[in-house]
Amino acid sequence: MADREAGKFIRARSENEKDLRRDQVLDAAARVFSRDDYEAVTMARVAEEAGVAKGTPYRYFATKEALFLELLTREIGDWFAELVPVADEAAVAEAAIAGSGASLPGFVARSLSARPLLTRLLPLLHAVLERNIDVETALRFKRRLAETMAPVAATFERHLPGGRAGDGFSFILRTHALAIGLLQMSRPSAAVKAALGSDPALAPFDLDFVQEFEAALGALIRGWPSEHP
């Protein structure tokens with residue numbers, strides 16, 4: 001729905017209309033970001049992509065960072081909703097501990113890799129987005145993130161060897177750190193990629209994200225009991 005009709009501004013009035021307009025802005029931001037780097041995305045471009053007035057995105061998001069934090073929260077929520085039913089299957093959890101090819105770490109790695117928007121947003125979180133927000137925005141984001149994490153944290157807690165209260169959140173945070181590091185390392189610049197391909201001795205630096213992330217998660221799960229003697 002366009003923000004202008006016959007030259008006249010149309011304001012979203014009902015809560016449902018506001019939610020739809022908000023989602024419209026988020027979807028537009030995702031499309032613009034899929035084509036350009038974060039630095040090239042502006043609120044004006046998002047408004048143009050959404051087909052709304054230039055100031056409309058600011059009605060829902062005070063800054064570009066707030067917009068992208070909401071986009072990230074939505075992506076994480078969708079991913080976690082996909083993880084919970086799989087992680088809750090005892091057979092899959094047992095396979096994860098045994099190191100089976102059909103393991104939970106493998107599913108987590110593949111499912112994350114299949115979400116290009118999320119894998120591009122995650123490395124921006126601490127280095128860019130959280131560096132440019134105020135306390136109120138940070139508090140709102142962290143509270144929503146904690147709420148989003150709670151169901152999957154409880155699920156992981158049930159399946160971690162010797163899992164105790166709070167272990168689910170710890171596991172997710174460590175998984176998050178592994179994901180960010182390996183995503184950055186497995187996506188080098190064109191110059192670095194060319195350098196790695198020119199010298200066989202540099203092959204260990206050319207990482208496959210899914211393979212490395214699965215291996216790291218498997219090691220994390222298998223080593224979990226050692227933290228609780």
# chains A, B, ... in the order shown; residues from 1 in each chain; ligands from 1

call {"tool": "residues_around", "arguments": {"residues": "A:Ser170", "least_positions_apart": "2", "cutoff": "12 Å", "atoms": "only C-alpha atoms", "output": "list in words"}}
result
Ala146, Met149, Ala150, Val152, Ala153, Ala154, Phe156, Glu157, Leu160, Gly163, Arg164, Ala165, Gly166, Asp167, Gly168, Ile172, Leu173, Arg174, Thr175, His176, Ala177, Leu220, Ile221, Trp224 and Glu227 of chain A

call {"tool": "write_last_selection", "arguments": {"atoms": "N, CA and C atoms", "output": "tab-separated table (two decimals), in the first residue's frame"}}
result
chain	number	residue	atom	x	y	z
A	146	ALA	N	16.53	-11.37	24.54
A	146	ALA	CA	16.44	-12.36	25.62
A	146	ALA	C	15.12	-13.11	25.57
A	149	MET	N	15.31	-15.54	22.73
A	149	MET	CA	16.22	-16.65	23.00
A	149	MET	C	15.65	-17.69	23.96
A	150	ALA	N	14.73	-17.28	24.83
A	150	ALA	CA	14.29	-18.13	25.93
A	150	ALA	C	13.82	-19.52	25.50
A	152	VAL	N	14.42	-21.43	22.78
A	152	VAL	CA	15.48	-22.30	22.25
A	152	VAL	C	16.53	-22.57	23.31
A	153	ALA	N	16.76	-21.61	24.23
A	153	ALA	CA	17.71	-21.83	25.32
A	153	ALA	C	17.22	-22.97	26.21
A	154	ALA	N	15.91	-22.97	26.50
A	154	ALA	CA	15.34	-24.05	27.32
A	154	ALA	C	15.44	-25.39	26.63
A	156	PHE	N	17.78	-26.33	24.32
A	156	PHE	CA	19.17	-26.78	24.35
A	156	PHE	C	19.55	-27.26	25.76
A	157	GLU	N	19.02	-26.60	26.76
A	157	GLU	CA	19.33	-26.96	28.14
A	157	GLU	C	18.94	-28.40	28.44
A	160	LEU	N	21.74	-30.65	26.49
A	160	LEU	CA	23.17	-30.56	26.75
A	160	LEU	C	23.56	-31.58	27.81
A	163	GLY	N	23.28	-30.63	31.45
A	163	GLY	CA	22.78	-29.27	31.36
A	163	GLY	C	22.12	-28.80	32.65
A	164	ARG	N	22.42	-27.57	33.04
A	164	ARG	CA	21.84	-26.98	34.25
A	164	ARG	C	21.18	-25.65	33.89
A	165	ALA	N	20.46	-25.08	34.85
A	165	ALA	CA	19.79	-23.82	34.63
A	165	ALA	C	20.79	-22.75	34.17
A	166	GLY	N	20.48	-22.09	33.09
A	166	GLY	CA	21.36	-21.06	32.55
A	166	GLY	C	22.29	-21.55	31.47
A	167	ASP	N	22.45	-22.88	31.36
A	167	ASP	CA	23.36	-23.42	30.34
A	167	ASP	C	22.87	-23.14	28.92
A	168	GLY	N	21.54	-23.11	28.73
A	168	GLY	CA	21.00	-22.87	27.40
A	168	GLY	C	21.42	-21.52	26.85
A	172	ILE	N	23.94	-20.73	23.63
A	172	ILE	CA	23.57	-19.88	22.49
A	172	ILE	C	24.59	-18.76	22.31
A	173	LEU	N	25.03	-18.15	23.40
A	173	LEU	CA	25.99	-17.05	23.29
A	173	LEU	C	27.33	-17.53	22.71
A	174	ARG	N	27.75	-18.72	23.11
A	174	ARG	CA	29.00	-19.26	22.55
A	174	ARG	C	28.81	-19.64	21.08
A	175	THR	N	27.63	-20.16	20.78
A	175	THR	CA	27.31	-20.47	19.38
A	175	THR	C	27.32	-19.20	18.55
A	176	HIS	N	26.78	-18.15	19.10
A	176	HIS	CA	26.74	-16.84	18.44
A	176	HIS	C	28.16	-16.34	18.15
A	177	ALA	N	29.03	-16.46	19.13
A	177	ALA	CA	30.42	-16.01	18.95
A	177	ALA	C	31.12	-16.83	17.87
A	220	LEU	N	31.92	-28.26	21.10
A	220	LEU	CA	31.34	-27.53	22.24
A	220	LEU	C	30.38	-28.41	23.02
A	221	ILE	N	29.53	-29.13	22.32
A	221	ILE	CA	28.56	-30.01	22.99
A	221	ILE	C	29.26	-31.16	23.70
A	224	TRP	N	30.89	-30.18	26.93
A	224	TRP	CA	30.08	-29.51	27.94
A	224	TRP	C	30.16	-30.16	29.33
A	227	GLU	N	32.66	-28.97	32.06
A	227	GLU	CA	32.49	-27.70	32.77
A	227	GLU	C	31.77	-27.88	34.11

call {"tool": "residues_around", "arguments": {"residues": "A:Ser186", "least_positions_apart": "3", "cutoff": "10 Å", "atoms": "only C-alpha atoms", "output": "list of chain:residue names"}}
result
A:Gly181, A:Leu182, A:Leu183, A:Ser189, A:Lys193, A:Phe205, A:Asp206, A:Leu207, A:Asp208, A:Phe209, A:Val210, A:Glu212

call {"tool": "select_by_dssp", "arguments": {"residues": "stretch 4-225 of chain A", "states": "strand (DSSP E or B)", "output": "ChimeraX atom specification"}}
result
/A:4-5,8-9

call {"tool": "write_last_selection", "arguments": {"atoms": "N, CA and C atoms", "output": "tab-separated table (two decimals), in the first residue's frame"}}
result
chain	number	residue	atom	x	y	z
A	4	ARG	N	1.17	7.51	-0.53
A	4	ARG	CA	0.53	8.65	-1.16
A	4	ARG	C	-0.51	8.14	-2.15
A	5	GLU	N	-1.66	8.75	-2.12
A	5	GLU	CA	-2.72	8.35	-3.03
A	5	GLU	C	-3.33	9.64	-3.57
A	8	LYS	N	-2.05	12.80	-2.02
A	8	LYS	CA	-2.36	13.10	-0.62
A	8	LYS	C	-1.73	12.05	0.28
A	9	PHE	N	-1.08	12.48	1.38
A	9	PHE	CA	-0.44	11.55	2.31
A	9	PHE	C	-1.49	10.72	3.04

call {"tool": "atom_distance", "arguments": {"atom1": "atom CA of A:Ala28", "atom2": "atom CA of A:Ala62"}}
result
16.3 Å

call {"tool": "residues_around", "arguments": {"residues": "stretch 65-76 of chain A", "least_positions_apart": "3", "cutoff": "8 Å", "atoms": "only C-alpha atoms", "output": "list in words"}}
result
Leu26, Ala29, Ala30, Phe61, Ala62, Trp79, Phe80, Leu117, Leu118, Leu121, Leu122, Leu125, Leu129, Glu130, Asn132, Ile133, Thr137, Phe141, Arg144, Leu145 and Thr148 of chain A

call {"tool": "select_by_dssp", "arguments": {"residues": "stretch 51-127 of chain A", "states": "helix (DSSP H, G or I)", "output": "PyMOL selection string"}}
result
chain A and resi 56-60+64-87+90-98+104-113+116-121+124-127

call {"tool": "atom_distance", "arguments": {"atom1": "atom CA of A:Val25", "atom2": "atom CA of A:Ala47"}}
result
7.0 Å

call {"tool": "decode", "arguments": {"residues": "stretch 4-68 of chain A", "atoms": "C-alpha atoms", "output": "PDB file, in the first residue's frame"}}
result
ATOM      1  CA  ARG A   4       0.526   8.653  -1.164  1.00  0.00           C
ATOM      2  CA  GLU A   5      -2.721   8.354  -3.029  1.00  0.00           C
ATOM      3  CA  ALA A   6      -3.811  10.967  -5.549  1.00  0.00           C
ATOM      4  CA  GLY A   7      -1.075  13.264  -4.186  1.00  0.00           C
ATOM      5  CA  LYS A   8      -2.358  13.104  -0.620  1.00  0.00           C
ATOM      6  CA  PHE A   9      -0.445  11.552   2.311  1.00  0.00           C
ATOM      7  CA  ILE A  10      -2.190   8.507   3.771  1.00  0.00           C
ATOM      8  CA  ARG A  11      -1.310   7.850   7.415  1.00  0.00           C
ATOM      9  CA  ALA A  12      -1.630   4.359   8.933  1.00  0.00           C
ATOM     10  CA  ARG A  13      -4.282   4.769  11.635  1.00  0.00           C
ATOM     11  CA  SER A  14      -5.213   1.416  13.173  1.00  0.00           C
ATOM     12  CA  GLU A  15      -2.732  -0.750  15.069  1.00  0.00           C
ATOM     13  CA  ASN A  16      -3.070  -3.392  12.367  1.00  0.00           C
ATOM     14  CA  GLU A  17      -2.269  -0.834   9.673  1.00  0.00           C
ATOM     15  CA  LYS A  18       0.737   0.342  11.676  1.00  0.00           C
ATOM     16  CA  ASP A  19       2.024  -3.221  12.040  1.00  0.00           C
ATOM     17  CA  LEU A  20       1.609  -3.805   8.316  1.00  0.00           C
ATOM     18  CA  ARG A  21       3.405  -0.555   7.479  1.00  0.00           C
ATOM     19  CA  ARG A  22       6.187  -1.411   9.907  1.00  0.00           C
ATOM     20  CA  ASP A  23       6.647  -4.826   8.280  1.00  0.00           C
ATOM     21  CA  GLN A  24       6.581  -3.133   4.890  1.00  0.00           C
ATOM     22  CA  VAL A  25       9.511  -0.939   5.928  1.00  0.00           C
ATOM     23  CA  LEU A  26      11.416  -3.916   7.347  1.00  0.00           C
ATOM     24  CA  ASP A  27      10.888  -5.941   4.172  1.00  0.00           C
ATOM     25  CA  ALA A  28      12.094  -3.025   2.078  1.00  0.00           C
ATOM     26  CA  ALA A  29      15.223  -2.655   4.223  1.00  0.00           C
ATOM     27  CA  ALA A  30      15.957  -6.344   3.749  1.00  0.00           C
ATOM     28  CA  ARG A  31      15.664  -6.008  -0.032  1.00  0.00           C
ATOM     29  CA  VAL A  32      17.935  -2.955  -0.191  1.00  0.00           C
ATOM     30  CA  PHE A  33      20.474  -4.639   2.093  1.00  0.00           C
ATOM     31  CA  SER A  34      20.449  -7.737  -0.123  1.00  0.00           C
ATOM     32  CA  ARG A  35      21.763  -5.577  -2.966  1.00  0.00           C
ATOM     33  CA  ASP A  36      24.189  -3.246  -1.168  1.00  0.00           C
ATOM     34  CA  ASP A  37      26.499  -3.027   1.818  1.00  0.00           C
ATOM     35  CA  TYR A  38      25.102  -1.686   5.073  1.00  0.00           C
ATOM     36  CA  GLU A  39      26.929   1.624   4.648  1.00  0.00           C
ATOM     37  CA  ALA A  40      25.116   2.260   1.356  1.00  0.00           C
ATOM     38  CA  VAL A  41      21.656   1.718   2.834  1.00  0.00           C
ATOM     39  CA  THR A  42      19.853   4.908   3.814  1.00  0.00           C
ATOM     40  CA  MET A  43      16.420   5.492   5.307  1.00  0.00           C
ATOM     41  CA  ALA A  44      15.528   7.420   2.137  1.00  0.00           C
ATOM     42  CA  ARG A  45      16.370   4.419  -0.020  1.00  0.00           C
ATOM     43  CA  VAL A  46      14.342   2.158   2.274  1.00  0.00           C
ATOM     44  CA  ALA A  47      11.362   4.508   1.954  1.00  0.00           C
ATOM     45  CA  GLU A  48      11.691   4.544  -1.820  1.00  0.00           C
ATOM     46  CA  GLU A  49      11.911   0.746  -1.929  1.00  0.00           C
ATOM     47  CA  ALA A  50       8.823   0.443   0.286  1.00  0.00           C
ATOM     48  CA  GLY A  51       6.888   2.929  -1.836  1.00  0.00           C
ATOM     49  CA  VAL A  52       6.230   5.224   1.109  1.00  0.00           C
ATOM     50  CA  ALA A  53       6.954   8.845   1.963  1.00  0.00           C
ATOM     51  CA  LYS A  54      10.563   9.681   2.843  1.00  0.00           C
ATOM     52  CA  GLY A  55       9.802  10.278   6.515  1.00  0.00           C
ATOM     53  CA  THR A  56       7.700   7.151   7.037  1.00  0.00           C
ATOM     54  CA  PRO A  57      10.513   4.828   8.222  1.00  0.00           C
ATOM     55  CA  TYR A  58      11.252   7.302  11.031  1.00  0.00           C
ATOM     56  CA  ARG A  59       7.689   6.900  12.322  1.00  0.00           C
ATOM     57  CA  TYR A  60       8.595   3.343  13.301  1.00  0.00           C
ATOM     58  CA  PHE A  61      12.389   3.412  13.746  1.00  0.00           C
ATOM     59  CA  ALA A  62      14.287   6.376  15.176  1.00  0.00           C
ATOM     60  CA  THR A  63      17.518   5.491  13.360  1.00  0.00           C
ATOM     61  CA  LYS A  64      18.886   3.154  10.726  1.00  0.00           C
ATOM     62  CA  GLU A  65      20.536   1.156  13.511  1.00  0.00           C
ATOM     63  CA  ALA A  66      17.191   0.683  15.280  1.00  0.00           C
ATOM     64  CA  LEU A  67      15.674  -0.496  12.003  1.00  0.00           C
ATOM     65  CA  PHE A  68      18.424  -3.043  11.419  1.00  0.00           C
TER      66      PHE A  68
END
